[in-house]
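Enquirer: Coordinates in work-v5.txt, compact mmCIF, C-alpha atoms, are listed below.
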```
# COMPACT_ATOMS: atom_id res chain seq x y z
CA MET A 12 -136.91 3.54 161.47
CA LEU A 13 -138.20 6.94 160.41
CA ILE A 14 -139.80 8.17 157.23
CA ALA A 15 -139.52 11.88 156.58
CA LYS A 16 -140.70 14.37 154.00
CA THR A 17 -137.62 16.58 154.27
CA VAL A 18 -134.13 15.97 155.61
CA SER A 19 -131.34 18.55 155.64
CA LYS A 20 -127.75 17.89 156.62
CA ASN A 21 -125.41 20.31 158.38
CA GLY A 22 -122.07 18.69 159.02
CA SER A 23 -122.72 15.66 161.18
CA SER A 24 -126.23 16.80 162.12
CA LEU A 25 -129.51 15.99 160.41
CA THR A 26 -132.59 18.17 160.63
CA ILE A 27 -135.73 16.12 160.08
CA GLU A 28 -139.18 17.62 159.65
CA ASN A 29 -142.61 16.02 159.33
CA PHE A 30 -141.43 12.54 160.24
CA LYS A 31 -143.27 9.36 161.16
CA ILE A 32 -141.87 6.44 163.15
CA LEU A 33 -142.34 3.38 160.98
CA ASP A 34 -140.72 0.91 163.36
CA GLY A 35 -139.43 1.13 166.93
CA LEU A 36 -142.19 3.37 168.26
CA GLN A 37 -142.53 1.48 171.55
CA ARG A 38 -138.77 1.42 172.10
CA THR A 39 -138.50 5.11 171.27
CA TYR A 40 -141.31 5.94 173.67
CA ARG A 41 -139.69 3.86 176.41
CA LEU A 42 -136.29 5.50 175.89
CA HIS A 43 -137.98 8.89 176.14
CA ALA A 44 -139.64 7.84 179.40
CA ILE A 45 -136.31 6.59 180.79
CA GLN A 46 -134.55 9.84 179.87
CA ARG A 47 -137.22 11.95 181.54
CA THR A 48 -137.09 9.73 184.63
CA ILE A 49 -133.30 10.13 184.83
CA GLU A 50 -133.69 13.91 184.60
CA PHE A 51 -136.37 13.81 187.30
CA ALA A 52 -134.25 11.69 189.66
CA LEU A 53 -131.20 13.94 189.23
CA SER A 54 -133.06 17.25 189.46
CA GLU A 55 -134.88 16.15 192.61
CA HIS A 56 -131.65 14.74 194.12
CA LEU A 57 -133.35 11.46 194.93
CA ASP A 58 -131.19 9.37 197.26
CA PRO A 59 -131.18 5.66 196.40
CA SER A 60 -130.04 4.66 199.88
CA GLU A 61 -133.19 6.19 201.37
CA LEU A 62 -135.74 5.28 198.74
CA LEU A 63 -134.84 1.75 197.66
CA GLY A 64 -135.60 0.51 201.15
CA LEU A 65 -139.25 1.53 200.84
CA SER A 66 -141.85 -1.14 200.16
CA ARG A 67 -143.20 -1.22 196.60
CA PHE A 68 -146.53 0.09 197.84
CA ALA A 69 -144.95 3.03 199.68
CA PHE A 70 -142.62 3.74 196.75
CA SER A 71 -145.55 3.75 194.33
CA ARG A 72 -147.69 5.97 196.55
CA LYS A 73 -144.85 8.48 196.87
CA PHE A 74 -143.97 8.83 193.18
CA SER A 75 -146.66 7.41 190.88
CA THR A 76 -148.64 10.65 190.42
CA GLU A 77 -145.61 12.75 189.52
CA LEU A 78 -144.12 10.06 187.28
CA ARG A 79 -147.29 9.95 185.19
CA GLN A 80 -146.58 13.56 184.23
CA HIS A 81 -143.29 12.32 182.77
CA SER A 82 -144.95 9.39 180.95
CA SER A 83 -143.08 7.09 183.31
CA ASN A 84 -143.79 4.70 186.18
CA THR A 85 -142.30 3.52 189.45
CA GLU A 86 -140.66 0.45 187.88
CA ILE A 87 -138.54 2.70 185.66
CA LEU A 88 -137.69 5.00 188.57
CA ARG A 89 -136.66 2.07 190.76
CA ALA A 90 -134.36 0.79 187.97
CA VAL A 91 -132.87 4.30 187.57
CA LEU A 92 -132.15 4.56 191.29
CA GLU A 93 -130.61 1.09 191.37
CA PHE A 94 -128.33 2.09 188.48
CA ARG A 95 -127.29 5.27 190.30
CA SER A 96 -126.63 3.34 193.48
CA GLU A 97 -124.29 0.99 191.61
CA HIS A 98 -122.61 3.36 189.11
CA GLY A 99 -123.01 6.89 190.43
CA ALA A 100 -124.75 10.06 189.26
CA ASP A 101 -122.35 10.88 186.40
CA GLU A 102 -122.74 7.47 184.79
CA LEU A 103 -126.50 7.76 185.15
CA ARG A 104 -126.52 11.20 183.53
CA ASN A 105 -124.59 9.98 180.49
CA CYS A 106 -125.79 6.38 180.18
CA LEU A 107 -127.99 7.01 177.14
CA SER A 108 -125.81 9.54 175.32
CA LYS A 109 -122.68 7.37 175.66
CA ASN A 110 -124.29 4.33 174.06
CA PRO A 111 -124.68 4.25 170.25
CA GLN A 112 -128.20 4.23 168.87
CA TRP A 113 -129.07 3.28 165.29
CA PHE A 114 -131.62 5.26 163.31
CA GLU A 115 -132.66 4.71 159.70
CA VAL A 116 -134.23 7.65 157.93
CA TRP A 117 -136.03 7.08 154.62
CA THR A 118 -137.31 9.81 152.34
CA GLY A 119 -139.32 9.77 149.14
CA LEU A 120 -141.27 6.63 149.98
CA THR A 121 -144.67 6.13 148.40
CA ALA A 122 -147.57 4.82 150.48
CA ALA A 123 -146.99 1.38 148.96
CA ASP A 124 -143.28 1.55 149.85
CA GLU A 125 -144.16 2.37 153.45
CA VAL A 126 -146.42 -0.66 153.69
CA ARG A 127 -143.79 -2.93 152.17
CA LYS A 128 -141.22 -1.70 154.67
CA MET A 129 -143.67 -2.32 157.48
CA LEU A 130 -144.40 -5.88 156.33
CA ILE A 131 -140.68 -6.64 156.09
CA LEU A 132 -140.07 -5.22 159.56
CA ASN A 133 -142.92 -7.30 160.97
CA ALA A 134 -141.21 -10.50 159.85
CA GLY A 135 -140.24 -12.42 162.96
CA HIS A 136 -142.43 -10.27 165.20
CA LYS A 137 -145.99 -11.02 166.26
CA PRO A 138 -147.61 -12.62 163.19
CA VAL A 139 -149.91 -10.38 161.17
CA LYS A 140 -152.93 -12.14 159.69
CA THR A 141 -152.67 -12.74 155.97
CA ARG A 142 -155.85 -10.80 155.22
CA HIS A 143 -154.65 -7.89 157.35
CA GLN A 144 -151.38 -7.83 155.39
CA LEU A 145 -153.38 -7.82 152.17
CA GLU A 146 -155.45 -4.90 153.46
CA LEU A 147 -152.29 -2.96 154.31
CA LEU A 148 -151.07 -3.33 150.74
CA PHE A 149 -154.25 -1.76 149.38
CA LEU A 150 -155.08 0.91 151.95
CA ASN A 151 -155.04 3.46 149.14
CA LEU A 152 -158.29 1.89 147.89
CA LEU A 153 -160.32 2.74 150.98
CA PRO A 154 -161.14 6.37 150.08
CA VAL A 155 -162.08 5.35 146.53
CA LEU A 156 -164.39 2.57 147.69
CA ARG A 157 -166.05 4.68 150.36
CA ARG A 158 -166.71 7.57 147.98
CA ALA A 159 -168.21 5.20 145.44
CA GLY A 160 -170.58 3.76 148.04
CA ALA A 161 -172.25 7.13 148.65
CA GLY A 162 -173.28 6.15 152.18
CA LYS A 163 -174.86 2.82 151.17
CA PHE A 164 -171.64 0.83 151.34
CA GLU A 165 -169.76 0.18 154.59
CA ILE A 166 -166.30 -1.38 154.68
CA VAL A 167 -165.26 -3.59 157.60
CA ARG A 168 -161.58 -4.27 158.29
CA GLU A 169 -160.00 -7.57 159.36
CA LYS A 170 -158.97 -6.02 162.68
CA GLU A 171 -162.66 -5.33 163.39
CA VAL A 172 -164.24 -8.64 162.32
CA GLY A 173 -162.42 -11.73 161.12
CA SER A 174 -163.14 -12.83 157.58
CA SER A 175 -164.40 -16.28 158.57
CA GLN A 176 -167.08 -14.85 160.88
CA PHE A 177 -168.05 -11.87 158.79
CA SER A 178 -170.90 -13.34 156.71
CA LYS A 179 -172.66 -14.49 159.89
CA VAL A 180 -172.70 -11.07 161.56
CA ARG A 181 -172.71 -8.59 158.68
CA ALA A 182 -175.47 -6.05 158.23
CA PRO A 183 -176.87 -5.17 154.79
CA GLY A 184 -174.47 -2.93 152.92
CA GLU A 185 -171.39 -4.07 154.85
CA PHE A 186 -168.50 -5.64 152.97
CA HIS A 187 -165.19 -6.98 154.22
CA PHE A 188 -162.20 -5.07 152.87
CA ALA A 189 -160.11 -8.21 152.33
CA HIS A 190 -163.01 -9.79 150.42
CA LEU A 191 -163.19 -6.77 148.14
CA ILE A 192 -159.47 -6.95 147.43
CA THR A 193 -159.54 -10.63 146.46
CA ALA A 194 -162.67 -9.95 144.41
CA MET A 195 -160.92 -7.19 142.45
CA LEU A 196 -157.83 -9.33 141.94
CA SER A 197 -160.07 -12.17 140.77
CA PHE A 198 -161.74 -9.85 138.26
CA LEU A 199 -158.42 -8.62 136.89
CA ARG A 200 -157.01 -12.13 136.55
CA GLY A 201 -160.20 -13.78 135.32
CA ARG A 202 -159.85 -16.60 137.83
CA PRO A 203 -160.66 -17.01 141.54
CA VAL A 204 -158.06 -15.68 143.94
CA ALA A 205 -157.82 -16.55 147.64
CA ALA A 206 -156.08 -14.59 150.38
CA SER A 207 -152.82 -16.39 151.12
CA THR A 208 -149.24 -15.71 152.10
CA GLY A 209 -148.25 -16.43 148.51
CA LEU A 210 -150.69 -13.82 147.22
CA VAL A 211 -149.37 -11.21 149.66
CA GLN A 212 -145.79 -11.92 148.58
CA GLU A 213 -146.80 -11.84 144.92
CA VAL A 214 -148.62 -8.51 145.18
CA ASN A 215 -145.96 -7.07 147.48
CA GLY A 216 -143.31 -7.85 144.89
CA ALA A 217 -145.28 -6.56 141.90
CA SER A 218 -143.82 -3.61 140.04
CA ASP A 219 -145.94 -0.60 139.18
CA ASP A 220 -146.49 -1.77 135.61
CA GLU A 221 -147.81 -5.20 136.52
CA GLU A 222 -151.49 -6.06 136.45
CA ASP A 223 -152.20 -5.63 140.15
CA ALA A 224 -151.03 -2.03 139.93
CA THR A 225 -154.27 -1.44 138.00
CA LEU A 226 -155.92 -1.40 141.41
CA ALA A 227 -154.24 1.91 142.12
CA ILE A 228 -154.90 3.62 138.79
CA ASP A 229 -158.35 2.54 137.58
CA PRO A 230 -160.90 4.06 139.96
CA GLU A 231 -163.70 3.51 137.45
CA LEU A 232 -163.50 -0.24 137.98
CA PHE A 233 -163.97 0.24 141.71
CA ASN A 234 -166.75 2.75 141.27
CA GLU A 235 -168.60 0.32 139.02
CA ALA A 236 -167.91 -2.65 141.30
CA VAL A 237 -169.21 -0.87 144.40
CA ARG A 238 -172.35 0.32 142.65
CA PHE A 239 -172.82 -3.22 141.33
CA LEU A 240 -172.57 -4.76 144.81
CA VAL A 241 -175.05 -2.28 146.27
CA ARG A 242 -177.58 -3.00 143.50
CA LEU A 243 -176.90 -6.74 143.57
CA GLU A 244 -177.49 -7.10 147.30
CA ALA A 245 -180.75 -5.15 147.12
CA LEU A 246 -181.94 -7.29 144.22
CA LEU A 247 -180.93 -10.58 145.86
CA GLU A 248 -182.65 -9.65 149.12
CA GLU A 249 -185.80 -8.99 147.15
CA GLN A 250 -185.52 -12.34 145.36
CA HIS A 251 -184.01 -14.59 148.05
CA GLY A 252 -184.52 -12.95 151.44
CA ASP A 253 -181.96 -13.65 154.19
CA LEU A 254 -180.00 -16.06 152.01
CA ALA A 255 -178.75 -13.05 150.05
CA ARG A 256 -176.96 -11.62 153.09
CA LEU A 257 -175.06 -14.86 153.66
CA TRP A 258 -174.24 -15.48 150.02
CA ILE A 259 -172.88 -12.07 149.16
CA GLY A 260 -171.03 -11.75 152.48
CA ARG A 261 -168.69 -14.68 151.83
CA GLU A 262 -165.22 -14.23 150.42
CA VAL A 263 -165.56 -17.40 148.34
CA THR A 264 -168.70 -16.02 146.69
CA LEU A 265 -167.21 -12.65 145.79
CA SER A 266 -163.98 -14.19 144.55
CA GLY A 267 -165.81 -16.66 142.30
CA LEU A 268 -168.39 -14.12 141.15
CA PHE A 269 -165.87 -11.45 140.18
CA ALA A 270 -163.57 -14.03 138.59
CA GLY A 271 -166.45 -15.08 136.35
CA LEU A 272 -167.29 -11.47 135.54
CA GLY A 273 -163.62 -10.75 134.80
CA ALA A 274 -163.21 -13.80 132.57
CA TYR A 275 -166.35 -12.86 130.63
CA PHE A 276 -165.12 -9.26 130.30
CA ALA A 277 -161.77 -10.44 128.92
CA GLU A 278 -163.24 -12.87 126.40
CA SER A 279 -165.95 -10.49 125.19
CA ASN A 280 -163.47 -7.74 124.25
CA SER A 281 -166.08 -5.26 125.41
CA ARG A 282 -165.21 -1.83 126.75
CA GLU A 283 -168.13 -2.01 129.19
CA PHE A 284 -167.83 -3.93 132.44
CA PRO A 285 -170.38 -6.79 132.60
CA PHE A 286 -171.94 -5.68 135.90
CA LYS A 287 -175.06 -4.22 134.30
CA LYS A 288 -175.52 -7.34 132.18
CA PHE A 289 -175.42 -9.56 135.27
CA ILE A 290 -178.00 -7.40 137.09
CA ALA A 291 -180.23 -7.34 134.00
CA THR A 292 -179.99 -11.13 133.75
CA LEU A 293 -181.16 -11.60 137.33
CA LYS A 294 -183.98 -9.09 136.92
CA ALA A 295 -185.21 -10.88 133.81
CA ASN A 296 -184.83 -14.30 135.42
CA PRO A 297 -185.39 -13.95 139.20
CA LYS A 298 -184.96 -17.68 139.86
CA ALA A 299 -181.65 -17.97 138.03
CA LEU A 300 -179.33 -18.07 141.06
CA ARG A 301 -181.34 -20.59 143.11
CA LEU A 302 -179.56 -19.65 146.34
CA SER A 303 -181.52 -22.17 148.39
CA GLU A 304 -180.05 -24.98 146.31
CA PHE A 305 -176.62 -23.36 146.58
CA GLU A 306 -176.78 -23.51 150.39
CA SER A 307 -178.10 -27.07 150.58
CA THR A 308 -175.54 -28.35 148.07
CA ARG A 309 -172.69 -26.52 149.75
CA ASN A 310 -173.65 -27.87 153.16
CA SER A 311 -173.87 -31.45 151.90
CA LEU A 312 -170.24 -31.62 150.78
CA ASP A 313 -167.83 -33.95 152.56
CA LEU A 314 -165.30 -31.55 154.08
CA SER A 315 -162.81 -34.35 154.74
CA LYS A 316 -162.31 -34.94 151.02
CA ILE A 317 -162.15 -31.45 149.54
CA ASN A 318 -160.85 -27.93 150.04
CA ILE A 319 -164.22 -26.31 150.64
CA GLY A 320 -162.97 -22.80 149.88
CA ASN A 321 -161.53 -23.68 146.50
CA VAL A 322 -164.57 -25.77 145.57
CA ASN A 323 -166.91 -22.89 146.45
CA ARG A 324 -164.90 -20.33 144.49
CA LEU A 325 -164.70 -22.47 141.38
CA ALA A 326 -168.37 -23.46 141.55
CA VAL A 327 -169.44 -19.80 141.71
CA PHE A 328 -166.91 -18.90 139.01
CA ASN A 329 -168.22 -21.51 136.55
CA ALA A 330 -171.84 -20.77 137.39
CA THR A 331 -171.33 -17.03 136.82
CA LEU A 332 -169.75 -17.62 133.43
CA SER A 333 -172.54 -20.02 132.49
CA LEU A 334 -175.23 -17.51 133.44
CA LEU A 335 -173.57 -14.72 131.46
CA HIS A 336 -173.34 -16.97 128.41
CA ASN A 337 -176.90 -18.28 128.83
CA PRO A 338 -178.95 -15.56 130.56
CA SER A 339 -182.25 -17.45 130.36
CA SER A 340 -180.95 -20.56 132.14
CA ASN A 341 -181.35 -21.49 135.81
CA LEU A 342 -178.26 -22.59 137.70
CA HIS A 343 -178.10 -26.17 138.95
CA TRP A 344 -175.58 -25.95 141.76
CA ARG A 345 -175.21 -29.71 142.17
CA LYS A 346 -173.68 -29.74 138.70
CA TYR A 347 -171.15 -27.00 139.46
CA PHE A 348 -170.18 -28.34 142.88
CA ALA A 349 -169.89 -31.85 141.46
CA MET A 350 -167.53 -30.55 138.78
CA GLU A 351 -165.17 -29.15 141.39
CA ALA A 352 -165.54 -31.81 144.08
CA ALA A 353 -164.87 -34.68 141.69
```
Using structure tokens, write down the structure from this file.
Expert:
Amino acid sequence: MLIAKTVSKNGSSLTIENFKILDGLQRTYRLHAIQRTIEFALSEHLDPSELLGLSRFAFSRKFSTELRQHSSNTEILRAVLEFRSEHGADELRNCLSKNPQWFEVWTGLTAADEVRKMLILNAGHKPVKTRHQLELLFLNLLPVLRRAGAGKFEIVREKEVGSSQFSKVRAPGEFHFAHLITAMLSFLRGRPVAASTGLVQEVNGASDDEEDATLAIDPELFNEAVRFLVRLEALLEEQHGDLARLWIGREVTLSGLFAGLGAYFAESNSREFPFKKFIATLKANPKALRLSEFESTRNSLDLSKINIGNVNRLAVFNATLSLLHNPSSNLHWRKYFAMEAA
């Protein structure tokens, strides 16, 4: 499958410029290698009766260097010679051109359309991780997020570090791309969102006028969110030390935190995002978050009885809302975890 910027038709011929191969790249590359190997075998008048009797080592030593120049290898050449031995030179010369090949050419696709096509084509192939699929759907956000970070904000992709391990190995200022996506979706919906196949399908099927399309058209939200995360991490490290790195590096934390911020933003009918208010609350009340209690309470939960991810998200969500409503209060995490684990 090809995507092209321009396609012109002249009779039965198509002229395609500036194209990309969306699917079938490996097969196309292999067909190209086979064609070049056929041309090499015919132009050099290679005799199958002489060469197929060579040992694999001798055959490889004789041809491997030259075949590399044709992006081929000795296995392809051996198959070509076997075909010629059985069917003759004319059949070999025409074997690719005589067989029909199917090409799809798409034009006018947006970046989102390209990703959707790719996800559909991947169905039934090697599974793509859910978070990686989610990242593909929002690749257009990467430049916006990186510009907003002004060098203090590094984005890590799922293909580089898995989400589940990220909080344990992250450096200050590093954030997981999939975590940022679910955080933004949580903010927009005013409730915690988790990366799942259902979420990917839901976002993938959203039309441009649905709420998740806001991610592509409201850069100010992302600018504010990135600046907020940079300031928040610095403040939490000052107040809580190494616990800050763990807490802010978890997907469940960011999802719950931004869901709470989004819910507060929606109910307050304010035109100003509540990020500054949250930072001001923590500065005025440095002990408000009580991250040590968060960790001990979280680690004491019975994992056999609950969905730990959902419980974490909802606990952080409710705690965030509570803190925004009552800035002078200190969070008691046992209360919020008990609410969700009950």
Enquirer: Please compute the CA of Phe94 in chain A-CA of Phe114 in chain A distance, one decimal, in Å.
Expert: 25.6 Å
Enquirer: Excluding Leu42 in chain A and residues on its chain fewer than 4 positions from it, collect all residues at most 12 Å away from it, counting all atoms listed in the file, and give them as a PyMOL selection string.
Expert: chain A and resi 35-38+46-49+81-83+87+106-108+112
Enquirer: So the first atom is CA of Arg256 in chain A and the second is CA of Asn296 in chain A; what is the distance between them in Å, to one decimal place?
Expert: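 Distance reported for this atom pair: 19.5 Å.
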Enquirer: Could you tell me how far CA of Lys170 in chain A sits from CA of Phe269 in chain A, in Å to one decimal place?
Expert: 24.2 Å
Enquirer: Within 9 Å of (-163.0, -7.0, 151.5) in the file's own coordinates, which protein, DNA or RNA residues have an atom, counting all atoms listed in the file? List them as a PyMOL selection string.
Expert: chain A and resi 142+146+166-169+174+186-194+262
Enquirer: I want to know what sits within 7 Å of range 271-287 of chain A, based on only C-alpha atoms, with residues of the same chain fewer than 5 positions away left out; could you give that as a PyMOL selection string?
Expert: chain A and resi 198-202+239+328-329+331-332
Enquirer: Which of these, A:Ser71, A:Thr308, A:Ser19, A:Ser175, has the shortest distance to Ala326 in chain A once you count all atoms listed in the file?
Expert: A:Thr308
Enquirer: I'd like the neighbourhood of range 341-344 of chain A as number ranges by chain, where a residue qualifies if any of its atoms comes within 7 Å (using only C-alpha atoms), though same-chain residues fewer than 6 positions away should be ignored.
Expert: A: 298-301, 304-305, 308, 330
Enquirer: Write the residues you've just listed into a file as a PDB file, keeping the file's coordinate frame, and include C-alpha atoms for each of them.
Expert:
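Result written to result_20.pdb:
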```
ATOM      1  CA  LYS A 298    -184.960 -17.680 139.860  1.00  0.00           C
ATOM      2  CA  ALA A 299    -181.650 -17.970 138.030  1.00  0.00           C
ATOM      3  CA  LEU A 300    -179.330 -18.070 141.060  1.00  0.00           C
ATOM      4  CA  ARG A 301    -181.340 -20.590 143.110  1.00  0.00           C
ATOM      5  CA  GLU A 304    -180.050 -24.980 146.310  1.00  0.00           C
ATOM      6  CA  PHE A 305    -176.620 -23.360 146.580  1.00  0.00           C
ATOM      7  CA  THR A 308    -175.540 -28.350 148.070  1.00  0.00           C
ATOM      8  CA  ALA A 330    -171.840 -20.770 137.390  1.00  0.00           C
TER       9      ALA A 330
END
```
Enquirer: Please determine, counting only C-alpha atoms, which residue among A:Leu293, A:Ala44, A:Val116, A:Leu243 has the shortest atom-to-atom distance to Leu78 in chain A.
Expert: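 Smallest separation from Leu78 in chain A among the options: A:Ala44.
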Enquirer: Would you please work out which residue, of A:Leu196, A:Ala100, A:Phe30, A:Gly64, is nearest to Glu50 in chain A when using all atoms listed in the file?
Expert: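 Smallest separation from Glu50 in chain A among the options: A:Ala100.
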Enquirer: Can you tell me, as a ChimeraX atom specification, what residues are no more than 7 Å from range 52-59 of chain A when counting all atoms listed in the file, ignoring any on the same chain fewer than 6 positions away?
Expert: /A:92-93,96
Enquirer: Identify which of the residues A:Trp117, A:Lys288, A:Ser333, A:Lys163 lies closest to Ile27 in chain A, counting only C-alpha atoms when measuring atom-to-atom distances.
Expert: A:Trp117
Enquirer: Measuring atom to atom with all atoms listed in the file, identify which of A:Leu156, A:Ala295, A:Leu257, A:Ala270 is nearest to Ser340 in chain A.
Expert: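 When distances to Ser340 in chain A are compared using all atoms listed in the file, the smallest one comes from A:Ala295.
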Enquirer: Set the distance at 10 Å and use only C-alpha atoms: which residues neighbour Val241 in chain A once local chain neighbours fewer than 5 positions away are removed? I'd like the list as a VMD selection string.
Expert: chain A and resid 160 163 to 164 183 to 186 236 246
Enquirer: Just checking: using only C-alpha atoms, which residue out of A:Lys179, A:Ser66, A:Gly260, A:Met195 ends up closest to Leu232 in chain A?
Expert: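 Checking each of A:Lys179, A:Ser66, A:Gly260, A:Met195 against Leu232 in chain A, counting only C-alpha atoms, the winner is A:Met195.
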